[in-house]
Amino acid sequence: GIRDYKVTGVQTCALPILLSVVGWACWLSWGIGSSLFACPACVGTTGPQLSLAQQIINCEVAVCAVPTVDRRRFLVDMAFKGVREPGSEIVLGIAALPQGRIPADREVLLGYESLSQQWRYLGSVTPGHRDWLMSLGRLKRTADMANEDWRQRTRFFLQTLDDPDLLIRETAFRELSRTPYAVMRSCRDQLDVERLLTTLEPDQFPERRPLVALLLGIAGGPLADHWLEATRDDEARHREGGSRAALLVARLERQGESGLSRFLAEEILADGLRDRERRAALLALSVQGTADGVIPRSTVVALYERVLEQRAELADALAADVVSWNEVGLVPPLQRLLEAGRLPPETREAVERAVEGLRKQPERSPSS
């Protein structure tokens, strides 16, 4: 599911930051430097299950259908993706049937996957959402999306965050959690802090906190700042790190370059921090550097140099960005780390790959 969201030149944000250290390592090894990939501070927080939108994208045909007396048989009411005649019958296999009874007041959604050549149950929605379903049926695979496609997609799901239907709200949340951070920033004018807190209920649903933190950091204002500060304090008291990276992205968004020296000292270089806490802070810098907005990428690269000098064990967490951003100016400090021979094996391997990749690039760094 996550791999489908890779796009040339873009990076989806939604912040695993909720991911474990292993999860971060996987993202870093794939490379998170493109502004059109899902924001790594959000994307791992929604779990492995595909959203309804992703399931429909993977289907050749998707329909609204009416259940019959025989719970395996359905009659097509409308196709919202592909072609299927109204009134035609679809028979689901036993394994494809939903658990429990489908409420009589909901429209059943079925999808046909060409790979398995089988129909499957996708979910059910309350009547009156056919325009929304038609929009889902027209969604592109993220690999085929340009910046403007991302912006339109993001605005579409922002509009449905407070829909009365649970499946529609959940779909909006999951899709927004896979949105590139730079795209989120471009939709600032559509972000209403009070509405986001009311509809997403992050205090009741902790898995939504990373997305809320990102959006509130972009939206700004007294209410956003109050929630961000209270959430940071709460996670610090309980030593929870699920939203740490996203909260740090928001902190950087609100403070800009003026708070970077303190950020580096407190969140990365200070003694007593756990490794995953340092890496969450580096991930936050990566997100901002990739977006190249309120904090220029060149500034993030300068901070990376200081990290390499003072915390060599974190070099692997920077390697993917160094290559993705074509920062050939960082080859000398990386090479010195390799020659010193003090890097752990897994860190050394990542640094070696980065140096090898950079040596194949043009000499001029894009941030110089």
# chains A, B, ... in the order shown; residues from 1 in each chain; ligands from 1
$ select_by_dssp --residues "region 123-318 of chain A" --states "helix (DSSP H, G or I)" --output "PyMOL selection string"
chain A and resi 130-137+142-144+147-159+166-176+181-186+188-190+193-200+206-219+222-238+244-269+275-291+297-310+312-318
$ residues_around --residues "Tyr121 (chain A)" --least-positions-apart "6" --cutoff "10 Å" --atoms "only C-alpha atoms" --output "VMD selection string"
chain A and resid 62 92 to 93 95 to 98 108 to 112
$ residues_around --residues "Arg106 (chain A)" --least-positions-apart "4" --cutoff "6 Å" --atoms "only C-alpha atoms" --output "number ranges by chain"
A: 124-126
$ write_last_selection --atoms "N, CA and C atoms" --output "tab-separated table (two decimals), in the first residue's frame"
chain	number	residue	atom	x	y	z
A	124	SER	N	-19.68	-0.39	2.74
A	124	SER	CA	-21.03	0.11	2.49
A	124	SER	C	-21.12	1.55	2.95
A	125	VAL	N	-21.95	2.32	2.25
A	125	VAL	CA	-22.12	3.74	2.59
A	125	VAL	C	-23.60	4.06	2.65
A	126	THR	N	-23.92	5.14	3.33
A	126	THR	CA	-25.30	5.61	3.36
A	126	THR	C	-25.67	6.20	2.00
$ closest_residue --among "A:Asp149, A:Glu229, A:Glu349, A:Glu113" --to "Ile56 (chain A)" --atoms "only C-alpha atoms"
A:Glu113
$ residues_around --residues "Glu201 (chain A)" --least-positions-apart "5" --cutoff "12 Å" --atoms "only C-alpha atoms" --output "ChimeraX atom specification"
/A:161-162,169,173,193-196,206-213,227
$ residues_around --residues "region 222-225 of chain A" --least-positions-apart "2" --cutoff "12 Å" --atoms "only C-alpha atoms" --output "MDAnalysis selection string"
chainID A and resid 191:197 212:220 227:232 247 250:251 253:255
$ closest_residue --among "A:Pro40, A:Pro164, A:Pro103, A:Gly256" --to "Pro296 (chain A)" --atoms "only C-alpha atoms"
A:Gly256
$ closest_residue --among "A:Met184, A:Ile168, A:Ala354, A:Leu334" --to "Gly293 (chain A)" --atoms "only C-alpha atoms"
A:Met184
